[in-house]
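In what follows, a single structure is set out as structure tokens and then discussed.
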Amino acid sequence: MSSTKTATVTLPADDQIQIVREFDAPKHLVWKAWTTPELVKRWWSSDMGETTLAEIDLRVGGRWRYVMVAGDMEVGFHGEYSEIVENERLVSTEVYEGMPEAYSVNTATFEETDGRTTLTILVQHSSKEHRDGHIASGMEGGMNRAMDYLERVAISLA
């Protein structure tokens, strides 16, 4: 699968990453693909592996957890929701289970113009070192592939 779109990644502060990506789908469908476990399993690991677990308890104080298997490696992430405005805004913590001290607080906003959605994610890391480690992990390439799949899943819901 290929896409001509890529997310714009900027570093607005020493401990932040901002990601902006446009989708050819209305925000309620991008939101649904982002917050429904069986749909997350279709896009989150993109072509890098298989998402074997996607648990989402979508309520303030609820938890989420995703696990991907790639080759003989298992990678897990989890967090807790602190703010939910349906189809608009989602704030949660994110912890990479291989490095639990490097958590972040992620704020995702979904804005729609003419049936297209702009997803903006502000990743607030606990330190500059953790932010730099996140960037150095190759997150940008994997994230762009996952967002291509996310768009495809959202479009399929129309």
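Lettering and numbering for the structure tokens are positional, with chains as A, B, ... in the shown order, residues counted from 1 in each chain, and ligands counted from 1 in the shown order.
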Could you make a table, as CSV, of the residues of region 53-133 of chain A that have an atom within 7 Å of an atom of region 16-31 of chain A, each with its nearest atom pair and distance in Å to one decimal, counting only C-alpha atoms, in chain and number order?
residue,atom,partner,partner_atom,distance
A:Asn87,CA,A:His28,CA,5.4
A:Phe110,CA,A:Lys27,CA,6.0
A:Glu111,CA,A:Lys27,CA,6.6
A:Glu112,CA,A:Lys27,CA,5.7
A:Gly115,CA,A:Pro26,CA,4.7
A:Arg116,CA,A:Asp24,CA,5.0
A:Thr117,CA,A:Phe23,CA,5.1
A:Thr118,CA,A:Glu22,CA,4.3
A:Leu119,CA,A:Arg21,CA,5.4
A:Thr120,CA,A:Val20,CA,4.5
A:Ile121,CA,A:Ile19,CA,5.1
A:Leu122,CA,A:Gln18,CA,4.5
A:Val123,CA,A:Ile17,CA,5.0
A:Gln124,CA,A:Gln16,CA,4.7
A:His125,CA,A:Gln16,CA,5.9
A:Arg131,CA,A:Gln16,CA,6.5
Take the residues just selected and output them with C-alpha atoms as a JSON list (two decimals), in the first residue's frame.
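So out-v5.json came out as:
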[["chain", "number", "residue", "atom", "x", "y", "z"],
["A", 87, "ASN", "CA", -14.97, 12.95, 17.70],
["A", 110, "PHE", "CA", -9.67, 15.74, 15.24],
["A", 111, "GLU", "CA", -10.76, 18.67, 13.05],
["A", 112, "GLU", "CA", -12.87, 18.38, 9.91],
["A", 115, "GLY", "CA", -15.23, 16.02, 4.79],
["A", 116, "ARG", "CA", -11.47, 15.72, 5.42],
["A", 117, "THR", "CA", -9.94, 15.29, 8.86],
["A", 118, "THR", "CA", -6.80, 16.83, 10.25],
["A", 119, "LEU", "CA", -5.44, 14.82, 13.15],
["A", 120, "THR", "CA", -3.00, 16.70, 15.38],
["A", 121, "ILE", "CA", -1.18, 14.81, 18.11],
["A", 122, "LEU", "CA", 0.91, 16.62, 20.70],
["A", 123, "VAL", "CA", 3.21, 14.18, 22.50],
["A", 124, "GLN", "CA", 4.40, 15.67, 25.80],
["A", 125, "HIS", "CA", 7.35, 13.61, 27.02],
["A", 131, "ARG", "CA", 11.62, 12.75, 23.47]]
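Residue neighbourhood of Pro100 (chain A), excluding near-sequence residues (fewer than 6 positions): Phe77, His78 and Glu94 of chain A, at 10 Å, using only C-alpha atoms.
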Could those residues be written to a file, using C-alpha atoms, as a PDB file, in the first residue's frame?
ATOM      1  CA  PHE A  77       2.173   0.077  24.847  1.00  0.00           C
ATOM      2  CA  HIS A  78      -0.466   1.103  27.365  1.00  0.00           C
ATOM      3  CA  GLU A  94       1.363   6.401  26.719  1.00  0.00           C
TER       4      GLU A  94
END
Leu150 (chain A) environment, 9 Å, only C-alpha atoms, sequence neighbours closer than 3 positions dropped, as a CSV table (one decimal) with N, CA and C atoms, in the first residue's frame:
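Ended up saving to out-v5.csv:
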chain,number,residue,atom,x,y,z
A,23,PHE,N,-6.5,13.3,6.6
A,23,PHE,CA,-7.1,12.1,6.1
A,23,PHE,C,-8.3,12.4,5.2
A,30,VAL,N,-12.6,8.7,11.3
A,30,VAL,CA,-11.2,8.6,11.8
A,30,VAL,C,-11.2,8.3,13.3
A,33,ALA,N,-12.1,4.6,13.8
A,33,ALA,CA,-11.0,3.8,13.6
A,33,ALA,C,-9.9,3.9,14.6
A,34,TRP,N,-9.8,5.0,15.3
A,34,TRP,CA,-8.8,5.3,16.3
A,34,TRP,C,-9.2,4.7,17.6
A,39,LEU,N,-10.9,-2.3,15.0
A,39,LEU,CA,-10.4,-1.5,13.9
A,39,LEU,C,-8.9,-1.1,14.1
A,40,VAL,N,-8.6,-0.8,15.4
A,40,VAL,CA,-7.2,-0.6,15.7
A,40,VAL,C,-6.3,-1.7,15.3
A,42,ARG,N,-6.5,-3.5,12.8
A,42,ARG,CA,-6.3,-3.4,11.3
A,42,ARG,C,-5.3,-2.4,10.9
A,43,TRP,N,-4.9,-1.4,11.7
A,43,TRP,CA,-4.0,-0.4,11.2
A,43,TRP,C,-2.8,-0.1,12.1
A,44,TRP,N,-2.9,-0.4,13.4
A,44,TRP,CA,-1.8,0.1,14.3
A,44,TRP,C,-0.4,-0.4,14.0
A,46,SER,N,0.6,-1.5,11.1
A,46,SER,CA,0.7,-1.3,9.7
A,46,SER,C,1.3,-2.6,9.0
A,145,ARG,N,3.4,4.8,8.1
A,145,ARG,CA,2.8,3.6,7.5
A,145,ARG,C,1.5,3.3,8.2
A,146,ALA,N,1.5,3.4,9.6
A,146,ALA,CA,0.3,3.1,10.3
A,146,ALA,C,-0.8,4.1,10.0
A,147,MET,N,-0.4,5.4,9.8
A,147,MET,CA,-1.5,6.4,9.4
A,147,MET,C,-2.0,6.1,8.0
A,153,VAL,N,-8.6,2.3,6.7
A,153,VAL,CA,-9.7,1.7,7.6
A,153,VAL,C,-10.8,2.7,7.7
A,154,ALA,N,-10.5,4.0,7.9
A,154,ALA,CA,-11.5,5.0,8.1
A,154,ALA,C,-12.4,5.1,6.8
A,155,ILE,N,-11.7,5.1,5.7
A,155,ILE,CA,-12.5,5.2,4.4
A,155,ILE,C,-13.4,4.0,4.2
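We find CA of Gly61 (chain A) and CA of Pro37 (chain A) to be spaced 17.2 Å apart.
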Could you produce a table of the residues of region 81-142 of chain A lying within 10 Å of region 65-75 of chain A, with the nearest pair of atoms per residue and their separation in Å rounded to one decimal, using only C-alpha atoms, ordered by chain and increasing residue number, as a Markdown table?
| residue | atom | partner | partner_atom | distance |
| --- | --- | --- | --- | --- |
| A:Glu94 | CA | A:Arg65 | CA | 9.1 |
| A:Val95 | CA | A:Arg65 | CA | 9.3 |
| A:Tyr96 | CA | A:Val75 | CA | 7.9 |
| A:Glu97 | CA | A:Val75 | CA | 7.3 |
| A:Gly98 | CA | A:Val75 | CA | 7.4 |
